[in-house]
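Structure data follow from entry13.cif (mmCIF, C-alpha atoms):
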```
data_final
#
loop_
_atom_site.group_PDB
_atom_site.id
_atom_site.type_symbol
_atom_site.label_atom_id
_atom_site.label_comp_id
_atom_site.auth_asym_id
_atom_site.auth_seq_id
_atom_site.Cartn_x
_atom_site.Cartn_y
_atom_site.Cartn_z
ATOM 1 C CA MET J 1 1.549 15.953 -34.014
ATOM 2 C CA ARG J 2 0.581 14.197 -37.227
ATOM 3 C CA LEU J 3 -2.584 12.161 -36.691
ATOM 4 C CA THR J 4 -4.344 10.414 -39.535
ATOM 5 C CA VAL J 5 -7.184 7.937 -39.601
ATOM 6 C CA ALA J 6 -8.655 5.416 -41.984
ATOM 7 C CA ALA J 7 -12.041 5.454 -40.230
ATOM 8 C CA SER J 8 -13.446 8.906 -39.470
ATOM 9 C CA TRP J 9 -15.192 7.943 -36.218
ATOM 10 C CA VAL J 10 -11.792 7.161 -34.697
ATOM 11 C CA GLU J 11 -10.387 10.653 -35.111
ATOM 12 C CA GLY J 12 -12.101 12.495 -32.262
ATOM 13 C CA PRO J 13 -11.373 10.024 -29.465
ATOM 14 C CA LEU J 14 -7.851 9.357 -30.725
ATOM 15 C CA ARG J 15 -6.980 13.055 -30.962
ATOM 16 C CA GLN J 16 -8.325 13.617 -27.455
ATOM 17 C CA LEU J 17 -6.325 10.696 -26.052
ATOM 18 C CA VAL J 18 -3.104 11.829 -27.705
ATOM 19 C CA ALA J 19 -3.525 15.356 -26.343
ATOM 20 C CA ASP J 20 -4.602 14.392 -22.829
ATOM 21 C CA ALA J 21 -2.127 11.575 -22.251
ATOM 22 C CA ARG J 22 0.758 13.318 -24.056
ATOM 23 C CA LEU J 23 1.390 10.351 -26.310
ATOM 24 C CA GLU J 24 4.305 10.480 -28.683
ATOM 25 C CA LEU J 25 3.348 7.956 -31.320
ATOM 26 C CA GLY J 26 1.105 4.985 -31.768
ATOM 27 C CA VAL J 27 -1.515 3.132 -33.736
ATOM 28 C CA LEU J 28 -5.088 1.992 -33.291
ATOM 29 C CA LEU J 29 -5.663 -1.228 -35.130
ATOM 30 C CA HIS J 30 -7.861 -4.205 -35.678
ATOM 31 C CA PRO J 31 -6.523 -7.475 -34.170
ATOM 32 C CA SER J 32 -5.886 -8.640 -37.732
ATOM 33 C CA GLY J 33 -3.285 -5.884 -38.086
ATOM 34 C CA GLN J 34 -5.541 -3.600 -40.124
ATOM 35 C CA VAL J 35 -4.769 0.000 -39.179
ATOM 36 C CA LEU J 36 -7.582 2.380 -38.193
ATOM 37 C CA GLY J 37 -5.549 5.369 -37.071
ATOM 38 C CA GLN J 38 -2.012 6.477 -36.377
ATOM 39 C CA PHE J 39 -0.220 9.373 -34.763
ATOM 40 C CA GLY J 40 3.407 10.426 -34.751
ATOM 41 C CA PHE J 41 4.558 8.266 -37.657
ATOM 42 C CA ALA J 42 6.026 9.815 -40.780
ATOM 43 C CA ARG J 43 6.237 6.757 -43.017
ATOM 44 C CA SER J 44 3.568 4.241 -43.919
ATOM 45 C CA VAL J 45 6.053 1.373 -43.733
ATOM 46 C CA ASP J 46 6.635 2.154 -40.055
ATOM 47 C CA VAL J 47 2.891 2.098 -39.408
ATOM 48 C CA MET J 48 2.635 -1.250 -41.186
ATOM 49 C CA THR J 49 5.475 -2.642 -39.079
ATOM 50 C CA ALA J 50 4.026 -1.306 -35.834
ATOM 51 C CA CYS J 51 0.626 -2.781 -36.662
ATOM 52 C CA ALA J 52 2.058 -6.172 -37.511
ATOM 53 C CA LEU J 53 4.119 -6.292 -34.322
ATOM 54 C CA ALA J 54 1.310 -4.969 -32.117
ATOM 55 C CA ALA J 55 -1.132 -7.504 -33.536
ATOM 56 C CA ALA J 56 1.385 -10.303 -33.065
ATOM 57 C CA THR J 57 2.224 -9.398 -29.472
ATOM 58 C CA HIS J 58 -1.476 -8.951 -28.726
ATOM 59 C CA ALA J 59 -2.209 -12.432 -30.015
ATOM 60 C CA SER J 60 0.658 -14.035 -28.125
ATOM 61 C CA SER J 61 -0.009 -12.248 -24.825
ATOM 62 C CA ALA J 62 -3.718 -13.036 -25.104
ATOM 63 C CA GLU J 63 -2.871 -16.696 -25.514
ATOM 64 C CA LEU J 64 -0.410 -16.568 -22.607
ATOM 65 C CA GLY J 65 -3.163 -15.070 -20.475
ATOM 66 C CA ARG J 66 -5.553 -17.825 -21.459
ATOM 67 C CA MET J 67 -2.966 -20.424 -20.505
ATOM 68 C CA LEU J 68 -2.122 -18.813 -17.177
ATOM 69 C CA GLU J 69 -5.405 -17.342 -16.006
ATOM 70 C CA GLY J 70 -8.034 -18.690 -18.338
ATOM 71 C CA GLN J 71 -8.614 -15.299 -19.919
ATOM 72 C CA PRO J 72 -6.521 -13.110 -22.231
ATOM 73 C CA PHE J 73 -4.223 -10.419 -20.876
ATOM 74 C CA THR J 74 -5.680 -7.143 -22.017
ATOM 75 C CA GLY J 75 -2.745 -4.792 -21.491
ATOM 76 C CA VAL J 76 1.013 -4.741 -21.644
ATOM 77 C CA HIS J 77 3.286 -1.993 -20.355
ATOM 78 C CA TYR J 78 6.991 -1.869 -21.144
ATOM 79 C CA VAL J 79 9.475 0.638 -19.722
ATOM 80 C CA GLY J 80 12.520 1.417 -21.828
ATOM 81 C CA ALA J 81 15.439 3.709 -21.096
ATOM 82 C CA THR J 82 13.709 6.841 -22.374
ATOM 83 C CA ARG J 83 10.388 5.669 -23.743
ATOM 84 C CA GLN J 84 7.601 3.379 -22.621
ATOM 85 C CA PHE J 85 4.794 1.692 -24.466
ATOM 86 C CA TRP J 86 1.290 0.715 -23.487
ATOM 87 C CA ARG J 87 -0.588 -1.806 -25.588
ATOM 88 C CA ALA J 88 -4.136 -2.539 -24.604
ATOM 89 C CA THR J 89 -7.413 -3.939 -25.833
ATOM 90 C CA VAL J 90 -10.134 -1.425 -26.650
ATOM 91 C CA PRO J 91 -13.525 -3.076 -26.165
ATOM 92 C CA THR J 92 -16.232 -2.341 -28.724
ATOM 93 C CA THR J 93 -19.642 -3.805 -29.390
ATOM 94 C CA SER J 94 -18.100 -5.937 -32.130
ATOM 95 C CA THR J 95 -14.434 -6.947 -32.434
ATOM 96 C CA PRO J 96 -12.166 -5.427 -29.789
ATOM 97 C CA LEU J 97 -9.483 -3.094 -31.140
ATOM 98 C CA ILE J 98 -5.859 -2.685 -30.082
ATOM 99 C CA LEU J 99 -4.160 0.516 -29.051
ATOM 100 C CA PHE J 100 -0.375 0.671 -29.158
ATOM 101 C CA ALA J 101 0.945 3.909 -27.697
ATOM 102 C CA VAL J 102 4.449 5.173 -26.991
ATOM 103 C CA PHE J 103 5.147 7.915 -24.466
ATOM 104 C CA ASP J 104 8.138 9.445 -22.732
ATOM 105 C CA GLU J 105 8.710 11.086 -19.368
ATOM 106 C CA GLU J 106 6.294 13.890 -20.228
ATOM 107 C CA SER J 107 3.547 11.397 -19.470
ATOM 108 C CA SER J 108 3.190 8.421 -17.160
ATOM 109 C CA LEU J 109 1.493 5.048 -17.050
ATOM 110 C CA GLY J 110 -1.080 6.419 -14.633
ATOM 111 C CA LEU J 111 -2.012 9.253 -16.985
ATOM 112 C CA VAL J 112 -2.138 6.962 -20.002
ATOM 113 C CA GLN J 113 -4.370 4.465 -18.199
ATOM 114 C CA LEU J 114 -6.601 7.246 -16.902
ATOM 115 C CA PHE J 115 -7.251 8.756 -20.317
ATOM 116 C CA PHE J 116 -7.302 5.342 -21.976
ATOM 117 C CA ARG J 117 -10.430 4.518 -19.965
ATOM 118 C CA GLN J 118 -12.093 7.668 -21.300
ATOM 119 C CA PHE J 119 -10.935 6.754 -24.800
ATOM 120 C CA CYS J 120 -12.538 3.308 -24.470
ATOM 121 C CA GLU J 121 -15.842 4.883 -23.442
ATOM 122 C CA ALA J 122 -15.748 7.232 -26.434
ATOM 123 C CA VAL J 123 -14.862 4.435 -28.847
ATOM 124 C CA ALA J 124 -17.584 2.188 -27.476
ATOM 125 C CA ALA J 125 -20.105 4.954 -28.093
ATOM 126 C CA LEU J 126 -18.919 5.744 -31.621
ATOM 127 C CA ALA J 127 -17.806 2.397 -33.055
ATOM 128 C CA PRO J 128 -20.046 1.133 -35.846
ATOM 129 C CA ALA J 129 -21.931 -2.120 -35.454
ATOM 130 C CA ALA J 130 -20.182 -5.281 -36.583
ATOM 131 C CA ASP J 131 -22.046 -5.656 -39.867
ATOM 132 C CA ALA J 132 -21.631 -1.982 -40.789
ATOM 133 C CA GLU J 133 -17.874 -2.277 -41.051
ATOM 134 C CA PRO J 134 -16.794 -5.872 -41.634
ATOM 135 C CA ALA J 135 -13.338 -6.961 -40.528
ATOM 136 C CA ALA J 136 -10.745 -7.419 -43.221
ATOM 137 C CA LEU J 137 -10.938 -10.884 -44.688
ATOM 138 C CA ALA J 138 -7.878 -12.922 -45.412
ATOM 139 C CA GLU J 139 -8.250 -12.628 -49.179
ATOM 140 C CA ASN J 140 -8.476 -8.842 -49.243
ATOM 141 C CA PHE J 141 -6.319 -8.082 -46.209
ATOM 142 C CA GLU J 142 -3.390 -6.662 -48.141
ATOM 143 C CA SER J 143 -5.489 -4.473 -50.391
ATOM 144 C CA GLU J 144 -7.441 -3.174 -47.372
ATOM 145 C CA LEU J 145 -4.216 -2.452 -45.528
ATOM 146 C CA ASN J 146 -2.760 -0.643 -48.502
ATOM 147 C CA ARG J 147 -5.974 1.321 -48.957
ATOM 148 C CA ASN J 148 -5.954 2.424 -45.302
ATOM 149 C CA LEU J 149 -2.302 3.413 -45.433
ATOM 150 C CA ALA J 150 -2.906 5.326 -48.653
ATOM 151 C CA VAL J 151 -5.821 7.189 -47.049
ATOM 152 C CA MET J 152 -3.714 8.105 -44.024
ATOM 153 C CA PHE J 153 -0.606 9.135 -45.928
ATOM 154 C CA GLY J 154 -2.395 11.017 -48.684
ATOM 155 C CA ARG J 155 -1.968 8.698 -51.623
ATOM 156 C CA ALA J 156 -5.582 7.573 -51.999
ATOM 157 C CA MET E 157 -1.283 -6.325 5.163
ATOM 158 C CA THR E 158 0.574 -3.222 6.307
ATOM 159 C CA SER E 159 3.349 -1.257 4.625
ATOM 160 C CA PRO E 160 5.678 1.467 5.941
ATOM 161 C CA PHE E 161 3.050 3.978 4.774
ATOM 162 C CA THR E 162 -0.050 2.489 6.396
ATOM 163 C CA ALA E 163 0.321 4.300 9.715
ATOM 164 C CA VAL E 164 0.955 7.754 8.263
ATOM 165 C CA LEU E 165 -1.908 7.432 5.773
ATOM 166 C CA GLY E 166 -4.154 6.279 8.592
ATOM 167 C CA SER E 167 -3.170 9.309 10.617
ATOM 168 C CA LEU E 168 -3.602 11.819 7.775
ATOM 169 C CA ILE E 169 -7.060 10.580 6.789
ATOM 170 C CA ARG E 170 -8.298 11.221 10.321
ATOM 171 C CA HIS E 171 -7.782 14.987 10.025
ATOM 172 C CA ARG E 172 -10.987 16.962 9.671
ATOM 173 C CA GLY E 173 -11.765 17.702 6.025
ATOM 174 C CA VAL E 174 -9.275 15.238 4.533
ATOM 175 C CA SER E 175 -10.965 12.977 1.995
ATOM 176 C CA GLY E 176 -8.007 11.010 0.734
ATOM 177 C CA CYS E 177 -4.285 10.471 1.060
ATOM 178 C CA LEU E 178 -2.075 8.477 -1.238
ATOM 179 C CA VAL E 179 1.504 7.414 -1.769
ATOM 180 C CA VAL E 180 2.096 7.546 -5.517
ATOM 181 C CA GLY E 181 4.983 6.769 -7.822
ATOM 182 C CA GLU E 182 6.232 10.091 -9.184
ATOM 183 C CA ARG E 183 7.276 8.681 -12.544
ATOM 184 C CA ASP E 184 4.395 6.312 -13.253
ATOM 185 C CA GLY E 185 1.543 7.988 -11.359
ATOM 186 C CA MET E 186 0.442 4.666 -9.935
ATOM 187 C CA ILE E 187 -0.852 4.210 -6.399
ATOM 188 C CA VAL E 188 1.551 2.516 -3.995
ATOM 189 C CA GLU E 189 -0.875 2.724 -1.101
ATOM 190 C CA ALA E 190 -3.928 4.850 -0.445
ATOM 191 C CA ASN E 191 -6.482 5.620 2.206
ATOM 192 C CA LEU E 192 -9.537 7.144 0.549
ATOM 193 C CA GLN E 193 -13.068 7.999 1.491
ATOM 194 C CA ILE E 194 -15.765 6.294 -0.532
ATOM 195 C CA GLY E 195 -16.309 7.962 -3.893
ATOM 196 C CA VAL E 196 -12.838 9.460 -4.205
ATOM 197 C CA LYS E 197 -11.319 8.581 -7.588
ATOM 198 C CA GLY E 198 -7.942 7.370 -6.414
ATOM 199 C CA ASP E 199 -6.497 6.380 -9.794
ATOM 200 C CA ALA E 200 -7.287 9.724 -11.392
ATOM 201 C CA ILE E 201 -5.999 11.734 -8.432
ATOM 202 C CA ALA E 202 -2.832 9.663 -8.283
ATOM 203 C CA ALA E 203 -2.036 10.039 -11.975
ATOM 204 C CA LEU E 204 -2.821 13.734 -12.219
ATOM 205 C CA SER E 205 -1.323 14.860 -8.913
ATOM 206 C CA ALA E 206 1.899 12.910 -9.537
ATOM 207 C CA SER E 207 2.131 14.585 -12.931
ATOM 208 C CA LEU E 208 1.506 18.010 -11.373
ATOM 209 C CA TYR E 209 4.066 17.439 -8.647
ATOM 210 C CA ARG E 210 6.654 16.179 -11.122
ATOM 211 C CA LYS E 211 6.219 19.237 -13.312
ATOM 212 C CA ALA E 212 6.296 21.581 -10.308
ATOM 213 C CA ARG E 213 9.501 19.958 -9.114
ATOM 214 C CA ARG E 214 11.069 20.288 -12.553
ATOM 215 C CA SER E 215 9.943 23.909 -12.762
ATOM 216 C CA ALA E 216 11.587 24.664 -9.431
ATOM 217 C CA LEU E 217 14.790 23.019 -10.587
ATOM 218 C CA ALA E 218 14.691 24.856 -13.921
ATOM 219 C CA ALA E 219 14.247 28.156 -12.103
ATOM 220 C CA GLY E 220 17.295 27.394 -9.993
ATOM 221 C CA PHE E 221 15.279 27.098 -6.789
ATOM 222 C CA GLY E 222 16.493 23.617 -5.934
ATOM 223 C CA GLU E 223 14.301 20.725 -4.897
ATOM 224 C CA ALA E 224 10.602 21.348 -4.446
ATOM 225 C CA GLY E 225 9.306 21.346 -0.918
ATOM 226 C CA PHE E 226 5.623 21.474 -0.152
ATOM 227 C CA PHE E 227 3.202 21.691 -3.080
ATOM 228 C CA GLU E 228 -0.308 23.020 -2.575
ATOM 229 C CA LEU E 229 -3.078 23.565 -5.100
ATOM 230 C CA THR E 230 -6.119 25.509 -3.962
ATOM 231 C CA ALA E 231 -9.339 25.108 -5.929
ATOM 232 C CA ASP E 232 -12.871 26.344 -5.311
ATOM 233 C CA GLY E 233 -13.949 23.018 -3.901
ATOM 234 C CA GLY E 234 -10.845 21.750 -2.171
ATOM 235 C CA ARG E 235 -7.090 21.472 -1.840
ATOM 236 C CA VAL E 236 -4.427 19.143 -3.125
ATOM 237 C CA CYS E 237 -1.203 18.947 -1.099
ATOM 238 C CA ALA E 238 1.877 16.986 -2.073
ATOM 239 C CA VAL E 239 5.404 16.337 -0.907
ATOM 240 C CA GLY E 240 7.887 13.977 -2.468
ATOM 241 C CA ARG E 241 11.239 12.314 -2.245
ATOM 242 C CA ASN E 242 13.034 9.462 -3.991
ATOM 243 C CA GLU E 243 10.411 9.160 -6.748
ATOM 244 C CA LEU E 244 7.521 8.806 -4.314
ATOM 245 C CA VAL E 245 4.878 11.463 -3.728
ATOM 246 C CA LEU E 246 2.615 11.757 -0.720
ATOM 247 C CA VAL E 247 -0.663 13.367 -1.772
ATOM 248 C CA VAL E 248 -3.433 14.604 0.488
ATOM 249 C CA ILE E 249 -6.744 15.937 -0.811
ATOM 250 C CA GLY E 250 -9.360 17.672 1.254
ATOM 251 C CA GLU E 251 -11.955 20.354 1.682
ATOM 252 C CA PRO E 252 -11.027 24.059 1.344
ATOM 253 C CA GLY E 253 -11.186 24.493 5.103
ATOM 254 C CA VAL E 254 -8.769 21.699 5.933
ATOM 255 C CA ASN E 255 -6.027 22.641 8.422
ATOM 256 C CA VAL E 256 -3.120 22.847 5.997
ATOM 257 C CA GLY E 257 -0.623 23.824 8.689
ATOM 258 C CA ILE E 258 -0.947 20.621 10.673
ATOM 259 C CA ILE E 259 -1.177 18.482 7.554
ATOM 260 C CA ARG E 260 1.924 20.107 6.110
ATOM 261 C CA VAL E 261 3.945 19.310 9.230
ATOM 262 C CA GLU E 262 2.754 15.732 9.240
ATOM 263 C CA MET E 263 3.439 15.286 5.527
ATOM 264 C CA LEU E 264 6.969 16.686 5.776
ATOM 265 C CA ARG E 265 7.628 14.439 8.759
ATOM 266 C CA ALA E 266 6.358 11.481 6.751
ATOM 267 C CA LEU E 267 9.033 12.103 4.119
ATOM 268 C CA GLU E 268 11.464 10.260 6.389
ATOM 269 C CA LEU E 269 9.661 7.098 5.312
ATOM 270 C CA PHE E 270 10.650 7.790 1.710
ATOM 271 C CA GLN E 271 14.390 7.492 2.359
#
```
For this file, write the structure as structure tokens.
Amino acid sequence: MRLTVAASWVEGPLRQLVADARLELGVLLHPSGQVLGQFGFARSVDVMTACALAAATHASSAELGRMLEGQPFTGVHYVGATRQFWRATVPTTSTPLILFAVFDEESSLGLVQLFFRQFCEAVAALAPAADAEPAALAENFESELNRNLAVMFGRA
Amino acid sequence: MTSPFTAVLGSLIRHRGVSGCLVVGERDGMIVEANLQIGVKGDAIAALSASLYRKARRSALAAGFGEAGFFELTADGGRVCAVGRNELVLVVIGEPGVNVGIIRVEMLRALELFQ
């Protein structure tokens, strides 16, 4: 399993989650779409696409939740023919992160949710404070994204 | 609110040494209905025992033994018993000294509910 990260503190919890929950591929990202870690992807363009789509669906489902229940939906589970995905909010002391994870019949939603809770606890303990790692700003978003992808795919 | 499983779970939990019983989806590991003593981590037991049962069932099939029957895991501090049918698993957890014989009969009888 190829797992690479743009922020070193992410690696331990992400590696543990992937191993415990038998995840196939996925990304951990900032709600802006900025990638923090990935596993199972071979090409940076696929990571970029997954991040963009995960961030977009997170934003739209959060807004749907606000409209329906007054608070954002924090998780989405989709069951396909052979694969499923779980996209959920990872709370931190600063900006919440998003996990998008794909798994097959070797795992299950129950297992993923179980180990996701442990992952959230580990991330909450390790995540840097808000001012230590500022979120990507609009003007440098692309360069930050490219830098992170280059770090993860060995072109830095 | 009662389901087809409420009565059998209510009966199983009354056995001496049983600390929890659950009906769990075999594929998703999610609880359908459970009767648990306070402090029992239902979500974790459901997810992990469904995964164990699924893999045991697949192992039995791969070995050419046919469908799995009764599954029992014995640990230092307790037992996990499971039976399943039609993508549902009935799980019972309890102390090491629990009367597995009676529980096994009741669990296998309860499989009729999973038709």
Result set of the PyMOL selection byres ((chain E and resi 200) around 12) on the coordinates above, as a list in words
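Taken on the displayed file, the PyMOL selection byres ((chain E and resi 200) around 12) yields the residues Leu109, Gly110, Leu111, Val112, Gln113, Leu114, Phe115, Phe116, Arg117 and Gln118 of chain J; Leu178, Val180, Gly185, Met186, Ile187, Gly195, Val196, Lys197, Gly198, Asp199, Ile201, Ala202, Ala203, Leu204, Ser205, Ala206 and Ser207 of chain E.
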From E:Gly225, E:Gly181, E:Gly166, E:Pro252, residue lying nearest chain J [only C-alpha atoms]
E:Gly181
Return as AutoDock Vina command-line options the box centre and box size in Å, one decimal, for an axis-aligned box around all listed atoms of segment 160-171 of chain E padded by 4 Å per side.
```
--center_x -1.3 --center_y 8.2 --center_z 7.7 --size_x 22.0 --size_y 21.5 --size_z 13.8
```
Rounded to one decimal, what separation in Å do you get between atom CA of Leu97 of chain J and atom CA of Pro31 of chain J?
6.1 Å
Residues within 12 Å of Ala231 of chain E, only C-alpha atoms, excluding chain neighbours under 6 positions, as a VMD selection string
chain E and resid 237 249 to 253
Please write as a ChimeraX atom specification the full residue list that the PyMOL selection byres ((chain J and resi 1-17) around 7) yields on this file.
/J:18-21,36-40,115-116,119,122-123,126-127,148,151-152
Just checking: using only C-alpha atoms, which residue out of J:Val79, J:Leu28, J:Leu64, J:Val35 ends up closest to chain E?
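Between J:Val79, J:Leu28, J:Leu64, J:Val35, the residue approaching chain E most closely is J:Val79.
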Quick one: distance from atom CA of Val236 of chain E to atom CA of Gly222 of chain E in Å, one decimal?
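Atom CA of Val236 of chain E sits 21.6 Å away from atom CA of Gly222 of chain E.
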Under the rule that all atoms listed in the file are counted, which of E:Asn255, E:Ala238, E:Leu269, E:Val245 is the nearest residue to Arg172 of chain E?
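Among E:Asn255, E:Ala238, E:Leu269, E:Val245, it is E:Asn255 that comes nearest to Arg172 of chain E.
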Evaluating the PyMOL selection byres ((chain E and resi 264) around 12) on the displayed file yields which residues, as a list in words?
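On the file shown, the PyMOL selection byres ((chain E and resi 264) around 12) covers Val164, Leu168, Ala224, Gly225, Phe226, Phe227, Cys237, Ala238, Val239, Gly240, Arg241, Val245, Leu246, Val247, Val248, Val256, Gly257, Ile258, Ile259, Arg260, Val261, Glu262, Met263, Arg265, Ala266, Leu267, Glu268, Leu269 and Phe270 of chain E.
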